[in-house]
Structures are given as C-alpha cells and as structure tokens.
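*Asks:* So here's model-v3.cif (mmCIF, C-alpha atoms and all ligand atoms).
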```
data_run
loop_
_atom_site.group_PDB
_atom_site.id
_atom_site.type_symbol
_atom_site.label_atom_id
_atom_site.label_comp_id
_atom_site.auth_asym_id
_atom_site.auth_seq_id
_atom_site.Cartn_x
_atom_site.Cartn_y
_atom_site.Cartn_z
ATOM 1 C CA MET A 286 93.946 68.312 79.725
ATOM 2 C CA THR A 287 90.248 69.135 79.670
ATOM 3 C CA VAL A 288 89.334 72.025 81.933
ATOM 4 C CA HIS A 289 85.987 71.551 83.672
ATOM 5 C CA LYS A 290 84.976 75.195 83.535
ATOM 6 C CA ASN A 291 81.714 74.846 85.399
ATOM 7 C CA LEU A 292 83.188 73.027 88.371
ATOM 8 C CA GLN A 293 84.633 76.305 89.648
ATOM 9 C CA ILE A 294 81.454 78.334 89.789
ATOM 10 C CA ASN A 295 78.105 77.716 91.433
ATOM 11 C CA LYS A 296 74.596 78.220 90.057
ATOM 12 C CA GLU A 297 74.701 81.936 90.890
ATOM 13 C CA GLY A 298 77.981 82.384 89.004
ATOM 14 C CA ARG A 299 79.970 82.793 92.232
ATOM 15 C CA LEU A 300 83.362 81.191 92.864
ATOM 16 C CA LYS A 301 82.961 77.746 94.430
ATOM 17 C CA HIS A 302 86.371 76.113 93.913
ATOM 18 C CA PHE A 303 89.483 77.887 92.614
ATOM 19 C CA LEU A 304 91.173 75.440 90.286
ATOM 20 C CA SER A 305 92.390 77.448 87.313
ATOM 21 C CA THR A 306 92.326 80.985 85.923
ATOM 22 C CA GLU A 307 91.148 79.473 82.633
ATOM 23 C CA GLY A 308 87.438 79.818 82.042
ATOM 24 C CA LEU A 309 86.826 82.524 84.661
ATOM 25 C CA SER A 310 85.429 85.884 83.563
ATOM 26 C CA ARG A 311 87.203 89.230 83.752
ATOM 27 C CA GLU A 312 84.580 90.280 86.315
ATOM 28 C CA LEU A 313 85.415 87.367 88.629
ATOM 29 C CA LEU A 314 89.183 87.831 88.307
ATOM 30 C CA THR A 315 88.764 91.560 88.976
ATOM 31 C CA GLU A 316 86.597 90.783 92.009
ATOM 32 C CA ILE A 317 89.447 88.621 93.395
ATOM 33 C CA LEU A 318 91.886 91.517 92.893
ATOM 34 C CA ASP A 319 89.486 94.058 94.439
ATOM 35 C CA ASN A 320 88.819 91.843 97.477
ATOM 36 C CA ALA A 321 92.574 91.301 97.909
ATOM 37 C CA GLU A 322 92.981 95.081 97.950
ATOM 38 C CA ASN A 323 90.645 95.174 100.971
ATOM 39 C CA PHE A 324 92.588 92.386 102.710
ATOM 40 C CA ALA A 325 96.049 93.834 102.000
ATOM 41 C CA GLY A 326 95.929 96.087 105.062
ATOM 42 C CA VAL A 327 94.991 93.344 107.555
ATOM 43 C CA GLY A 328 98.622 92.277 107.979
ATOM 44 C CA GLU A 329 99.583 95.798 109.021
ATOM 45 C CA ARG A 330 97.053 96.015 111.873
ATOM 46 C CA ALA A 331 97.930 95.368 115.536
ATOM 47 C CA VAL A 332 95.436 92.479 115.487
ATOM 48 C CA LYS A 333 96.028 90.738 112.155
ATOM 49 C CA LYS A 334 92.667 89.001 111.958
ATOM 50 C CA VAL A 335 89.173 89.346 110.530
ATOM 51 C CA PRO A 336 86.378 86.981 111.621
ATOM 52 C CA LEU A 337 85.110 85.948 108.155
ATOM 53 C CA LEU A 338 85.935 82.219 108.375
ATOM 54 C CA ARG A 339 85.573 81.735 112.134
ATOM 55 C CA GLY A 340 84.384 78.185 112.825
ATOM 56 C CA LYS A 341 85.624 76.856 109.451
ATOM 57 C CA THR A 342 88.369 74.242 109.123
ATOM 58 C CA ILE A 343 90.892 74.377 106.279
ATOM 59 C CA ALA A 344 93.352 71.547 105.550
ATOM 60 C CA ASN A 345 96.592 72.191 103.644
ATOM 61 C CA LEU A 346 97.489 69.095 101.632
ATOM 62 C CA PHE A 347 100.882 69.584 99.982
ATOM 63 C CA PHE A 348 102.140 66.517 98.139
ATOM 64 C CA GLU A 349 105.046 68.571 96.684
ATOM 65 C CA PRO A 350 107.549 70.862 98.436
ATOM 66 C CA SER A 351 106.609 74.512 98.973
ATOM 67 C CA THR A 352 107.798 77.460 101.021
ATOM 68 C CA ARG A 353 105.816 80.523 99.902
ATOM 69 C CA THR A 354 102.535 78.988 98.823
ATOM 70 C CA ARG A 355 102.014 76.729 101.848
ATOM 71 C CA THR A 356 102.959 79.313 104.456
ATOM 72 C CA THR A 357 100.977 82.144 102.860
ATOM 73 C CA PHE A 358 97.899 79.900 102.557
ATOM 74 C CA GLU A 359 98.296 79.063 106.255
ATOM 75 C CA LEU A 360 98.694 82.728 107.233
ATOM 76 C CA ALA A 361 95.772 83.744 105.021
ATOM 77 C CA ALA A 362 93.494 81.138 106.612
ATOM 78 C CA LYS A 363 94.558 82.186 110.125
ATOM 79 C CA ARG A 364 94.007 85.870 109.322
ATOM 80 C CA LEU A 365 90.487 84.922 108.251
ATOM 81 C CA SER A 366 90.107 83.219 111.702
ATOM 82 C CA ALA A 367 89.772 79.689 110.280
ATOM 83 C CA ASP A 368 91.206 76.630 112.051
ATOM 84 C CA VAL A 369 94.086 75.251 109.961
ATOM 85 C CA LEU A 370 95.386 71.698 109.620
ATOM 86 C CA ASN A 371 98.760 71.262 107.931
ATOM 87 C CA ILE A 372 98.885 67.641 106.843
ATOM 88 C CA ASN A 373 102.448 66.349 106.852
ATOM 89 C CA ILE A 374 102.443 64.097 103.815
ATOM 90 C CA GLU A 375 105.801 62.559 104.781
ATOM 91 C CA SER A 376 104.295 61.161 107.987
ATOM 92 C CA SER A 377 100.719 60.650 106.719
ATOM 93 C CA ALA A 378 98.979 57.398 105.816
ATOM 94 C CA THR A 379 99.624 58.062 102.084
ATOM 95 C CA LYS A 380 103.173 56.851 102.831
ATOM 96 C CA LYS A 381 101.635 53.540 103.917
ATOM 97 C CA GLY A 382 99.879 53.111 100.600
ATOM 98 C CA GLU A 383 96.596 54.930 101.309
ATOM 99 C CA SER A 384 95.053 56.415 98.160
ATOM 100 C CA LEU A 385 94.479 60.161 97.741
ATOM 101 C CA LEU A 386 90.733 59.504 97.772
ATOM 102 C CA ASP A 387 90.873 57.577 101.055
ATOM 103 C CA THR A 388 92.998 60.326 102.660
ATOM 104 C CA LEU A 389 90.440 62.928 101.541
ATOM 105 C CA GLN A 390 87.488 60.916 102.798
ATOM 106 C CA THR A 391 89.249 60.554 106.162
ATOM 107 C CA LEU A 392 89.707 64.333 106.391
ATOM 108 C CA GLU A 393 86.145 64.940 105.210
ATOM 109 C CA ALA A 394 84.954 62.749 108.090
ATOM 110 C CA MET A 395 86.616 65.315 110.398
ATOM 111 C CA HIS A 396 84.346 67.982 108.846
ATOM 112 C CA CYS A 397 87.008 69.966 106.980
ATOM 113 C CA ASP A 398 85.394 72.738 104.939
ATOM 114 C CA MET A 399 88.213 73.379 102.462
ATOM 115 C CA PHE A 400 91.239 71.568 101.083
ATOM 116 C CA VAL A 401 94.179 73.527 99.686
ATOM 117 C CA VAL A 402 95.960 71.050 97.427
ATOM 118 C CA ARG A 403 99.371 70.939 95.781
ATOM 119 C CA HIS A 404 100.085 67.811 93.761
ATOM 120 C CA ALA A 405 102.613 66.662 91.148
ATOM 121 C CA ASN A 406 99.856 65.388 88.822
ATOM 122 C CA SER A 407 98.202 67.815 86.400
ATOM 123 C CA GLY A 408 94.463 67.678 86.991
ATOM 124 C CA ALA A 409 94.699 66.554 90.642
ATOM 125 C CA ALA A 410 92.743 69.541 91.985
ATOM 126 C CA HIS A 411 89.946 69.112 89.416
ATOM 127 C CA PHE A 412 89.835 65.396 90.198
ATOM 128 C CA ILE A 413 89.462 66.084 93.916
ATOM 129 C CA ALA A 414 86.854 68.806 93.338
ATOM 130 C CA SER A 415 84.782 66.334 91.339
ATOM 131 C CA LEU A 416 84.817 63.834 94.232
ATOM 132 C CA VAL A 417 84.337 65.782 97.466
ATOM 133 C CA SER A 418 80.955 66.408 99.102
ATOM 134 C CA SER A 419 79.042 69.434 97.849
ATOM 135 C CA GLY A 420 79.832 71.574 100.920
ATOM 136 C CA VAL A 421 83.613 71.119 100.644
ATOM 137 C CA ARG A 422 85.725 73.630 98.699
ATOM 138 C CA ILE A 423 88.990 72.981 96.825
ATOM 139 C CA VAL A 424 91.719 75.530 96.092
ATOM 140 C CA ASN A 425 94.488 74.524 93.700
ATOM 141 C CA ALA A 426 97.922 75.395 95.105
ATOM 142 C CA GLY A 427 99.682 74.021 91.996
ATOM 143 C CA ASP A 428 99.043 70.812 90.012
ATOM 144 C CA GLY A 429 101.825 69.390 87.846
ATOM 145 C CA ARG A 430 102.469 71.543 84.792
ATOM 146 C CA HIS A 431 98.841 72.569 84.605
ATOM 147 C CA ALA A 432 97.898 75.495 86.853
ATOM 148 C CA HIS A 433 98.911 77.634 89.821
ATOM 149 C CA PRO A 434 96.007 80.083 89.841
ATOM 150 C CA THR A 435 96.659 81.922 93.118
ATOM 151 C CA GLN A 436 100.252 82.620 91.974
ATOM 152 C CA ALA A 437 98.927 84.101 88.721
ATOM 153 C CA MET A 438 96.456 86.270 90.630
ATOM 154 C CA LEU A 439 99.041 87.564 93.088
ATOM 155 C CA ASP A 440 101.294 88.407 90.137
ATOM 156 C CA ALA A 441 98.402 90.253 88.469
ATOM 157 C CA PHE A 442 97.703 92.031 91.783
ATOM 158 C CA THR A 443 101.362 93.124 92.027
ATOM 159 C CA VAL A 444 101.305 94.438 88.446
ATOM 160 C CA ARG A 445 98.012 96.318 88.981
ATOM 161 C CA ARG A 446 99.298 97.898 92.207
ATOM 162 C CA HIS A 447 102.307 99.311 90.337
ATOM 163 C CA LYS A 448 100.818 100.099 86.951
ATOM 164 C CA GLY A 449 97.209 100.948 87.859
ATOM 165 C CA SER A 450 95.533 98.929 85.078
ATOM 166 C CA PHE A 451 96.303 96.248 82.500
ATOM 167 C CA SER A 452 95.067 97.772 79.239
ATOM 168 C CA GLY A 453 98.236 99.458 77.960
ATOM 169 C CA LEU A 454 100.758 96.927 79.239
ATOM 170 C CA LYS A 455 103.272 94.705 77.468
ATOM 171 C CA ILE A 456 104.286 91.793 79.690
ATOM 172 C CA ALA A 457 106.979 89.166 78.997
ATOM 173 C CA ILE A 458 107.259 85.764 80.689
ATOM 174 C CA VAL A 459 110.807 84.409 80.382
ATOM 175 C CA GLY A 460 112.281 80.959 80.973
ATOM 176 C CA ASP A 461 110.948 77.442 81.257
ATOM 177 C CA ILE A 462 107.467 77.963 79.809
ATOM 178 C CA MET A 463 107.169 74.278 78.865
ATOM 179 C CA HIS A 464 107.012 72.964 82.429
ATOM 180 C CA SER A 465 105.481 75.999 84.113
ATOM 181 C CA ARG A 466 102.023 75.885 85.680
ATOM 182 C CA VAL A 467 102.604 79.528 86.669
ATOM 183 C CA ALA A 468 103.072 80.601 83.027
ATOM 184 C CA ARG A 469 99.896 78.824 81.914
ATOM 185 C CA SER A 470 97.810 80.392 84.684
ATOM 186 C CA GLU A 471 99.324 83.825 84.035
ATOM 187 C CA ILE A 472 98.633 83.662 80.299
ATOM 188 C CA HIS A 473 94.939 82.962 80.932
ATOM 189 C CA ALA A 474 94.722 85.593 83.689
ATOM 190 C CA PHE A 475 96.543 88.417 81.887
ATOM 191 C CA ASN A 476 94.703 87.772 78.609
ATOM 192 C CA THR A 477 91.345 87.806 80.409
ATOM 193 C CA LEU A 478 92.295 90.954 82.337
ATOM 194 C CA GLY A 479 93.065 92.653 79.022
ATOM 195 C CA VAL A 480 96.819 93.327 78.759
ATOM 196 C CA LYS A 481 97.866 94.920 75.468
ATOM 197 C CA GLU A 482 100.542 92.345 74.600
ATOM 198 C CA LEU A 483 101.723 89.149 76.238
ATOM 199 C CA ARG A 484 105.074 87.613 75.222
ATOM 200 C CA VAL A 485 106.902 84.421 76.103
ATOM 201 C CA ILE A 486 110.681 84.257 75.731
ATOM 202 C CA ALA A 487 112.564 80.945 75.831
ATOM 203 C CA PRO A 488 114.604 78.485 73.762
ATOM 204 C CA LYS A 489 112.555 76.332 71.360
ATOM 205 C CA THR A 490 112.961 73.307 73.641
ATOM 206 C CA LEU A 491 111.204 75.119 76.498
ATOM 207 C CA ILE A 492 108.157 76.480 74.629
ATOM 208 C CA PRO A 493 105.186 74.190 73.884
ATOM 209 C CA ALA A 494 103.994 74.178 70.258
ATOM 210 C CA TYR A 495 100.487 75.413 71.129
ATOM 211 C CA MET A 496 101.697 78.711 72.697
ATOM 212 C CA SER A 497 100.779 81.032 69.800
ATOM 213 C CA ALA A 498 97.232 79.646 69.910
ATOM 214 C CA LEU A 499 96.911 81.129 73.417
ATOM 215 C CA GLY A 500 97.293 84.666 72.057
ATOM 216 C CA VAL A 501 100.919 85.244 73.061
ATOM 217 C CA LYS A 502 103.891 86.384 70.959
ATOM 218 C CA VAL A 503 106.763 83.906 71.012
ATOM 219 C CA PHE A 504 110.391 85.117 71.109
ATOM 220 C CA HIS A 505 113.572 83.058 71.179
ATOM 221 C CA ASN A 506 115.845 86.094 71.468
ATOM 222 C CA ILE A 507 115.586 87.755 74.877
ATOM 223 C CA ASP A 508 116.830 91.189 73.780
ATOM 224 C CA ALA A 509 114.129 91.386 71.088
ATOM 225 C CA GLY A 510 111.505 89.977 73.454
ATOM 226 C CA LEU A 511 112.224 92.493 76.212
ATOM 227 C CA LYS A 512 111.920 95.507 73.901
ATOM 228 C CA ASP A 513 109.696 98.114 75.595
ATOM 229 C CA VAL A 514 108.018 95.694 78.039
ATOM 230 C CA ASP A 515 106.432 97.101 81.210
ATOM 231 C CA ALA A 516 106.838 93.946 83.287
ATOM 232 C CA VAL A 517 109.105 90.894 83.071
ATOM 233 C CA ILE A 518 108.190 87.681 84.848
ATOM 234 C CA MET A 519 111.151 85.332 85.236
ATOM 235 C CA LEU A 520 110.706 81.575 85.728
ATOM 236 C CA ARG A 521 113.141 79.038 87.100
ATOM 237 C CA LEU A 522 114.175 75.909 85.180
ATOM 238 C CA GLN A 523 111.844 73.222 86.538
ATOM 239 C CA ASN A 524 114.338 70.389 86.436
ATOM 240 C CA GLU A 525 112.043 68.129 88.478
ATOM 241 C CA ARG A 526 109.575 68.072 85.573
ATOM 242 C CA MET A 527 112.113 67.785 82.722
ATOM 243 C CA GLN A 528 112.605 64.479 80.971
ATOM 244 C CA GLY A 529 115.953 64.308 79.214
ATOM 245 C CA ALA A 530 118.408 67.120 78.492
ATOM 246 C CA LEU A 531 116.560 70.144 77.080
ATOM 247 C CA LEU A 532 119.446 72.571 77.645
ATOM 248 C CA PRO A 533 123.238 72.388 77.280
ATOM 249 C CA SER A 534 123.803 73.628 80.886
ATOM 250 C CA ALA A 535 122.603 76.143 83.490
ATOM 251 C CA ASP A 536 125.610 78.361 82.653
ATOM 252 C CA GLU A 537 124.709 78.338 78.973
ATOM 253 C CA PHE A 538 121.083 79.161 79.837
ATOM 254 C CA PHE A 539 122.197 82.175 81.881
ATOM 255 C CA LYS A 540 124.364 83.404 78.984
ATOM 256 C CA MET A 541 121.444 83.150 76.548
ATOM 257 C CA TYR A 542 118.423 83.996 78.723
ATOM 258 C CA GLY A 543 119.540 85.166 82.177
ATOM 259 C CA LEU A 544 118.073 88.530 83.195
ATOM 260 C CA THR A 545 120.816 91.101 83.773
ATOM 261 C CA GLU A 546 120.735 94.876 84.257
ATOM 262 C CA LYS A 547 122.236 95.204 80.763
ATOM 263 C CA ARG A 548 119.410 93.212 79.185
ATOM 264 C CA LEU A 549 116.805 95.209 81.113
ATOM 265 C CA GLU A 550 117.950 98.331 79.241
ATOM 266 C CA ASN A 551 115.877 96.997 76.303
ATOM 267 C CA ALA A 552 112.693 97.245 78.372
ATOM 268 C CA HIS A 553 110.559 100.287 79.264
ATOM 269 C CA PRO A 554 112.463 102.551 81.713
ATOM 270 C CA ASP A 555 109.815 101.840 84.402
ATOM 271 C CA VAL A 556 109.931 98.069 83.914
ATOM 272 C CA MET A 557 109.135 95.915 86.955
ATOM 273 C CA VAL A 558 110.695 92.488 87.536
ATOM 274 C CA LEU A 559 108.671 89.631 89.005
ATOM 275 C CA HIS A 560 109.562 86.058 89.888
ATOM 276 C CA PRO A 561 107.191 83.537 91.521
ATOM 277 C CA GLY A 562 110.144 81.887 93.280
ATOM 278 C CA PRO A 563 112.015 79.878 94.231
ATOM 279 C CA ILE A 564 114.698 81.957 92.477
ATOM 280 C CA ASN A 565 117.929 80.486 91.169
ATOM 281 C CA ARG A 566 120.499 83.286 91.142
ATOM 282 C CA GLY A 567 122.935 83.083 88.246
ATOM 283 C CA VAL A 568 120.685 80.660 86.331
ATOM 284 C CA GLU A 569 117.615 82.667 85.212
ATOM 285 C CA ILE A 570 118.283 85.931 87.090
ATOM 286 C CA ASP A 571 121.344 87.917 88.131
ATOM 287 C CA SER A 572 121.537 88.860 91.826
ATOM 288 C CA ASP A 573 121.843 92.559 90.885
ATOM 289 C CA VAL A 574 118.400 92.357 89.253
ATOM 290 C CA ALA A 575 116.795 90.127 91.918
ATOM 291 C CA ASP A 576 117.853 92.537 94.679
ATOM 292 C CA GLY A 577 117.618 95.697 92.558
ATOM 293 C CA ALA A 578 115.205 98.630 92.528
ATOM 294 C CA ARG A 579 112.982 97.161 89.806
ATOM 295 C CA SER A 580 112.467 93.857 91.603
ATOM 296 C CA VAL A 581 109.099 93.291 93.324
ATOM 297 C CA ILE A 582 109.827 89.669 94.238
ATOM 298 C CA LEU A 583 109.324 90.081 97.994
ATOM 299 C CA GLU A 584 106.231 92.249 97.470
ATOM 300 C CA GLN A 585 104.768 89.324 95.518
ATOM 301 C CA VAL A 586 105.203 87.105 98.588
ATOM 302 C CA SER A 587 103.369 89.615 100.828
ATOM 303 C CA TYR A 588 100.526 90.058 98.347
ATOM 304 C CA GLY A 589 100.152 86.275 98.207
ATOM 305 C CA ILE A 590 98.498 86.436 101.622
ATOM 306 C CA ALA A 591 95.903 89.021 100.518
ATOM 307 C CA ILE A 592 95.104 87.130 97.309
ATOM 308 C CA ARG A 593 94.704 83.845 99.180
ATOM 309 C CA MET A 594 92.454 85.519 101.760
ATOM 310 C CA ALA A 595 90.316 86.821 98.894
ATOM 311 C CA VAL A 596 90.084 83.454 97.147
ATOM 312 C CA MET A 597 89.328 81.463 100.311
ATOM 313 C CA SER A 598 86.684 83.892 101.533
ATOM 314 C CA MET A 599 85.008 84.021 98.109
ATOM 315 C CA CYS A 600 84.923 80.212 97.786
ATOM 316 C CA MET A 601 83.488 79.884 101.299
ATOM 317 C CA GLY A 602 80.980 82.671 100.785
ATOM 318 C CA GLY A 603 79.179 81.172 97.824
ATOM 319 C CA SER A 604 76.181 78.898 98.159
ATOM 320 C CA GLU A 605 76.455 75.205 97.289
HETATM 321 N N1 LIG B 701 105.790 80.169 93.793
HETATM 322 C C1 LIG B 701 105.715 79.017 94.457
HETATM 323 O O1 LIG B 701 104.838 78.185 94.195
HETATM 324 O O2 LIG B 701 106.657 78.844 95.423
HETATM 325 P P1 LIG B 701 106.700 77.622 96.452
HETATM 326 O O3 LIG B 701 107.059 76.395 95.668
HETATM 327 O O4 LIG B 701 107.754 78.012 97.476
HETATM 328 O O5 LIG B 701 105.342 77.481 97.075
#
```
Kindly present the structure from the file in structure tokens form.
Ligand code: CP
*Replies:*
Amino acid sequence: MTVHKNLQINKEGRLKHFLSTEGLSRELLTEILDNAENFAGVGERAVKKVPLLRGKTIANLFFEPSTRTRTTFELAAKRLSADVLNINIESSATKKGESLLDTLQTLEAMHCDMFVVRHANSGAAHFIASLVSSGVRIVNAGDGRHAHPTQAMLDAFTVRRHKGSFSGLKIAIVGDIMHSRVARSEIHAFNTLGVKELRVIAPKTLIPAYMSALGVKVFHNIDAGLKDVDAVIMLRLQNERMQGALLPSADEFFKMYGLTEKRLENAHPDVMVLHPGPINRGVEIDSDVADGARSVILEQVSYGIAIRMAVMSMCMGGSE
C-alpha cells in the first residue's frame, strides 16, 4: 500500500498522528524512545499519574481482539490524566450496519481528541487520519498486515534498555513474516535506528518476495539465521490472516522453526528473546525459552505503557 508519509507530521516536523514507523526520521524515533524513558518510572510511583493530557478525551476503537495493546493504551492514557472511552465494537452501532466513517463522526461530535484504532484492514488508520477534523489525532494500534508501530517502538525500547544502542547489533525476526504487521514496522524502525544487521528467518511460504529490498537478510534455516545474533524476535503464526495451507502443521513448524534452548546456542551468549505476544507455546517458542532467563516478553508488556504515553503525548503536543 502507499504510505502517506506527510500525514504523520505537522508543518513544524512534529509528530501529529502515529500511523507507521515507515517514513519517520531517526531523530523522531529516538525522541519517542527518549520520552518513553522519562515515562517509564511513572508506573512505579505511589501516584501513577502525570497531568499532561488532563482535559483531553481519548477513544479506543478496537475492531479486532487485543489484550496487551488495548489495555496498555488505556493505562497509558489514564496515566497521562486523559479521559478514556473504550468503545465496545461488539455492542456498538457498527454491528447494526453503521459505517466506520459514521461511527467516527459520531465520536467526533462528542469532542474526542484522539482515536486509537485497531482494524483488520491494512490502511485503515491512514484512511481515518485523512478524514478526521484537523484537531483530532490518530494512533495506529495495528492495521491488517500493514503496521503496528507502537509494538515496534516498544520492542526497540526493550532492546535499547538491554543493549544500550543499536549500532553494533544483529537482530533476527523469526516466524510468520508474511502476515506480520509487527515485522514490517520493526524492519522500518530498526533500519532507521541503525542496527548493524537485520535478518528474517522463515519458510519460503511465510516470507514476502520483496523482503530483501527492505535491507534485511533472508534465511530459511533457523540455525544459520540465529548465528551470533544479539536479539531474537519470535512471531506467532497468524492463522486468521492466512488463506490456504501455507504449512504442513503446527508440529512440523515447531520442529523446523520453533525456538528452543538448543537452537539459542547458535546465538550470541548474551542474546535476548522477544515476542510481541500472544505467544503460542510449542508452536513458535518452547516454554523453557519463553519463561527462561533470556526472555524479556513480560518486560515488553510493561514498556508498552511508557511507549504509548510517549506517542500520545507527542501527538497531542504538536500544533495542528
Ligand atoms: N502484540 C499485540 O498486539 O498483542 P495484542 O493482540 O494482545 O494486543
């Protein structure tokens, strides 16, 4: 799809909407990480709030299921002192045939300042950002196979916290690259932030043909792909977006690509293991690895709040 690069930034070059990591500068991505660093301590205070978005109203519009992203967006907005509306799509007027545009206009009439949107259609967040009034901000919480930019940024934040910087790092993304909005957003983010080497590891049926053009090394053998990497990001099989049988079975996938302690021996001794969740134990990752000392999976969830606070406050802080 076409990425409308300029839709995300205002005339002063500040973040206006957060729709994709693609097309944003290293300076802006680093500013998100630095701001998140300042917000990371808020959750540890006795009063877990800062007044930055007091008086603002944020609506969470999730047209697809979510545990981590929806709840951490809600917590982030509340910690910024915003008023939060969680729209229950199952019981909303969209179930009676109302269009997305009409639902948005209805919420805009209630003077919402920001919509956090998850939608099954790639491009939905850009579409909405192109339609809302100039004072309203849009944050993409995952659109189809296209982008999940706050997930990519919280993964980058987790890596930077452990490794200090990106410049000398080799990072591998393993699993269902084909259907993954997380992988796409991570590739743009990590390349922009300047990692040394980015790899994707998957069977041929789960890697899109254009991958090498994005500046990543493609591996079909996991043991070769994991050699000396500093961080491994595992992805689940996104069966809900697969059309037809792309794999023999989940068991077969685990045998060929599942991350085990044995396979991790190929990586750098200080390798860290990430997973955006939801995790499927015994399909893409062994429980010993998911719960092991190298796993930062639950840290990622915590950092999601700080990253989302950073993104929401930056989008709200810019001029129209
Ligand atoms: N990583 C992620 O998007 O998880 P949820 O589907 O639980 O939000």
*Asks:* For atom CA of A:Lys489 and atom CA of A:His560, quote the distance in Å rounded to one decimal.
*Replies:*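 So the answer is 21.1 Å.
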*Asks:* Under the PyMOL selection byres (((chain A and resi 335) around 12) and not hetatm), which residues of this model are included? Write them out as a PyMOL selection string.
*Replies:* chain A and resi 323-328+330-334+336-339+361-367+594-595+598
*Asks:* Name the residues captured by the PyMOL selection byres (((chain A and resi 346) around 12) and not hetatm) when it is applied to the shown file; answer as JSON, numbers by chain.
*Replies:* {"A": [343, 344, 345, 347, 348, 349, 350, 351, 354, 355, 356, 358, 359, 369, 370, 371, 372, 373, 374, 375, 377, 379, 385, 388, 389, 392, 397, 399, 400, 401, 402, 403, 404, 405, 409, 410, 413, 423, 424, 425, 426, 427, 428]}
*Asks:* Which residue is closest to ligand LIG 701 (chain B)? Choose from A:Gly429, A:Pro493, A:Gly420, A:Gly382 and count all atoms listed in the file.
*Replies:*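 Ranked by minimum distance to ligand LIG 701 (chain B), first place goes to A:Gly429.
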*Asks:* How many Å lie between atom CA of A:Met557 and atom CA of A:Ile590, rounded to one decimal?
*Replies:*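 These atoms are spaced 20.4 Å apart.
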*Asks:* Return the single residue from A:Lys547, A:Arg484, A:Lys540, A:Arg466 that is closest to ligand LIG 701 (chain B), with distances computed using all atoms listed in the file.
*Replies:*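 Result for the nearest residue to ligand LIG 701 (chain B): A:Arg466.
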*Asks:* Can you list, as a list in words, every protein, DNA or RNA residue that comes within 10 Å of A:Ser580 when you count only C-alpha atoms, leaving out same-chain residues fewer than 5 positions away?
*Replies:*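 What passes the distance filter is Val517, Val556, Met557, Val558, Leu559, His560, Asp573, Val574, Ala575 and Gln585 of chain A.
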*Asks:* Output stretch 339-352 of chain A as a CSV table (one decimal), in the frame of the given file, making sure N, CA and C atoms are there.
*Replies:*
```csv
chain,number,residue,atom,x,y,z
A,339,ARG,N,85.6,82.3,110.8
A,339,ARG,CA,85.6,81.7,112.1
A,339,ARG,C,84.7,80.5,112.2
A,340,GLY,N,85.2,79.4,112.8
A,340,GLY,CA,84.4,78.2,112.8
A,340,GLY,C,84.6,77.3,111.6
A,341,LYS,N,85.3,77.7,110.6
A,341,LYS,CA,85.6,76.9,109.5
A,341,LYS,C,87.0,76.2,109.6
A,342,THR,N,87.1,75.0,109.0
A,342,THR,CA,88.4,74.2,109.1
A,342,THR,C,88.9,74.1,107.7
A,343,ILE,N,90.2,74.5,107.6
A,343,ILE,CA,90.9,74.4,106.3
A,343,ILE,C,92.1,73.5,106.4
A,344,ALA,N,92.2,72.5,105.5
A,344,ALA,CA,93.4,71.5,105.6
A,344,ALA,C,94.3,71.8,104.4
A,345,ASN,N,95.6,72.0,104.7
A,345,ASN,CA,96.6,72.2,103.6
A,345,ASN,C,97.2,70.8,103.3
A,346,LEU,N,97.0,70.4,102.1
A,346,LEU,CA,97.5,69.1,101.6
A,346,LEU,C,98.5,69.3,100.6
A,347,PHE,N,99.8,69.3,100.9
A,347,PHE,CA,100.9,69.6,100.0
A,347,PHE,C,101.7,68.3,99.7
A,348,PHE,N,101.4,67.7,98.5
A,348,PHE,CA,102.1,66.5,98.1
A,348,PHE,C,103.5,66.8,97.4
A,349,GLU,N,103.8,68.1,97.3
A,349,GLU,CA,105.0,68.6,96.7
A,349,GLU,C,105.6,69.6,97.6
A,350,PRO,N,107.0,69.8,97.6
A,350,PRO,CA,107.5,70.9,98.4
A,350,PRO,C,107.0,72.3,98.1
A,351,SER,N,107.0,73.1,99.1
A,351,SER,CA,106.6,74.5,99.0
A,351,SER,C,107.1,75.3,100.2
A,352,THR,N,107.5,76.5,99.9
A,352,THR,CA,107.8,77.5,101.0
A,352,THR,C,106.7,78.5,101.0
```
